[in-house]
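As stored in entry26.tsv (TSV, C-alpha atoms and all ligand atoms):
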```tsv
chain	number	residue	atom	x	y	z
A	1320	MET	CA	110.86	83.69	83.75
A	1321	ALA	CA	109.48	86.97	82.52
A	1322	LYS	CA	108.53	89.68	84.98
A	1323	THR	CA	105.17	90.46	83.42
A	1324	HIS	CA	103.22	89.74	86.60
A	1325	ARG	CA	105.37	91.51	89.17
A	1326	GLY	CA	103.23	93.45	91.59
A	1327	ILE	CA	100.04	92.51	89.83
A	1328	GLY	CA	98.29	92.08	93.14
A	1329	ILE	CA	98.78	95.72	94.16
A	1330	ARG	CA	98.28	97.44	90.83
A	1331	ALA	CA	94.58	98.02	91.50
A	1332	GLN	CA	95.31	99.90	94.71
A	1333	HIS	CA	95.57	103.63	94.90
A	1334	ASN	CA	98.78	104.79	93.23
A	1335	ARG	CA	99.62	101.12	92.77
A	1336	GLY	CA	100.14	100.62	96.47
A	1337	ARG	CA	102.75	103.34	96.75
A	1338	GLY	CA	102.71	106.47	98.82
A	1339	THR	CA	104.29	108.20	101.78
A	1340	CYS	CA	104.86	106.13	104.87
A	1341	PRO	CA	103.41	107.97	107.89
A	1342	VAL	CA	106.19	106.72	110.18
A	1343	CYS	CA	109.41	107.29	108.26
A	1344	GLU	CA	107.83	109.76	105.77
A	1345	ARG	CA	109.71	108.29	102.87
A	1346	THR	CA	107.93	108.90	99.61
A	1347	GLY	CA	107.34	106.46	96.81
A	1348	VAL	CA	107.56	103.43	99.02
A	1349	LYS	CA	105.04	100.64	99.03
A	1350	VAL	CA	102.72	101.30	101.95
A	1351	LEU	CA	101.07	97.94	102.25
A	1352	TYR	CA	101.38	96.86	105.83
A	1353	SER	CA	98.56	97.72	108.20
A	1354	ARG	CA	99.46	98.24	111.84
A	1355	GLU	CA	97.16	99.05	114.71
A	1356	VAL	CA	98.13	102.19	116.56
A	1357	GLY	CA	95.82	102.69	119.47
A	1358	GLU	CA	92.36	102.74	117.97
A	1359	ASN	CA	93.53	103.50	114.45
A	1360	THR	CA	94.96	101.31	111.75
A	1361	ILE	CA	97.67	102.83	109.60
A	1362	ASN	CA	99.47	101.52	106.57
A	1363	VAL	CA	103.22	101.59	106.86
A	1364	CYS	CA	106.09	100.52	104.66
A	1365	LYS	CA	107.90	97.23	104.88
A	1366	ARG	CA	110.83	98.51	106.93
A	1367	CYS	CA	108.64	100.29	109.47
A	1368	ASN	CA	106.43	97.23	109.75
A	1369	ALA	CA	109.46	95.13	110.62
A	1370	ALA	CA	110.78	97.72	113.05
A	1371	LEU	CA	107.45	97.95	114.82
A	1372	SER	CA	107.33	94.19	115.08
A	1373	HIS	CA	110.67	94.31	116.86
A	1374	GLY	CA	109.35	96.88	119.30
A	1375	LYS	CA	111.24	99.78	117.78
A	1376	LEU	CA	109.91	103.12	116.50
A	1377	GLN	CA	107.37	103.27	119.30
A	1378	ASP	CA	108.06	106.98	119.84
A	1379	ALA	CA	107.62	107.61	116.12
A	1380	ILE	CA	104.10	106.25	116.10
A	1381	ALA	CA	103.15	107.71	119.46
A	1382	ASP	CA	102.27	111.09	117.96
A	1383	LEU	CA	100.48	109.79	114.86
A	1401	ZN	ZN	108.12	103.66	106.84
```
Would you mind writing the structure in this file as structure tokens?
Amino acid sequence: MAKTHRGIGIRAQHNRGRGTCPVCERTGVKVLYSREVGENTINVCKRCNAALSHGKLQDAIADL
């Protein structure tokens, strides 16, 4: 099957859904996962989203 439609759902987003993750500060990653940090909602990358779900990286988001 051709890959014509890969990522078609995020192409309309800013920079095609890519950017710098505020937690790990990697650039060029897909920042698509919204997490609530206190009163704010931030978009993080896939790996940070998983880590936060496991209760890790809490000190990394504490000062965001
Ligand atoms: Zn990240």
Could the residues of chain A that have an atom at most 6 Å from ligand ZN 1401 (chain A) be listed as a Markdown table, each with its closest atom pair and the distance in Å to one decimal, counting all atoms listed in the file and ordered by chain and ascending residue number?
```
| residue | atom | partner | partner_atom | distance |
| --- | --- | --- | --- | --- |
| A:Cys1340 | CA | A:ZN1401 | ZN | 4.5 |
| A:Val1342 | CA | A:ZN1401 | ZN | 4.9 |
| A:Cys1343 | CA | A:ZN1401 | ZN | 4.1 |
| A:Val1363 | CA | A:ZN1401 | ZN | 5.3 |
| A:Cys1364 | CA | A:ZN1401 | ZN | 4.3 |
| A:Arg1366 | CA | A:ZN1401 | ZN | 5.8 |
| A:Cys1367 | CA | A:ZN1401 | ZN | 4.3 |
```
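If you count all atoms listed in the file and ignore residues fewer than 2 places along the chain from Asn1334 of chain A, what sits within 12 Å of it is Ile1329, Arg1330, Ala1331, Gln1332, Gly1336, Arg1337, Gly1338, Thr1339, Thr1346, Gly1347, Val1348, Lys1349, Val1350 and Leu1351 of chain A.
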Problem - 12 Å contact set for Glu1355 of chain A, all atoms listed in the file, chain neighbours under 2 positions out, as a ChimeraX atom specification - result: /A:1352-1353,1357-1363,1368,1371-1372,1377,1380-1381,1383
Fill in the blank from the handout: Restricting to only C-alpha atoms, whichever of A:Ala1369, A:Asp1382, A:Arg1335, A:Thr1323 is closest to Val1356 of chain A is A:Asp1382
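Closest approach to Pro1341 of chain A among A:Lys1375, A:Ala1321, A:Arg1354, A:Gly1326: A:Arg1354, based on only C-alpha atoms.
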To test the calculation: enclose all listed atoms of segment 1333-1352 of chain A in a box whose edges run along x, y and z, add 4 Å on each side, then state centre and edge lengths in Å to one decimal, as AutoDock Vina command-line options.
```
--center_x 102.6 --center_y 103.3 --center_z 101.5 --size_x 22.1 --size_y 20.9 --size_z 25.4
```
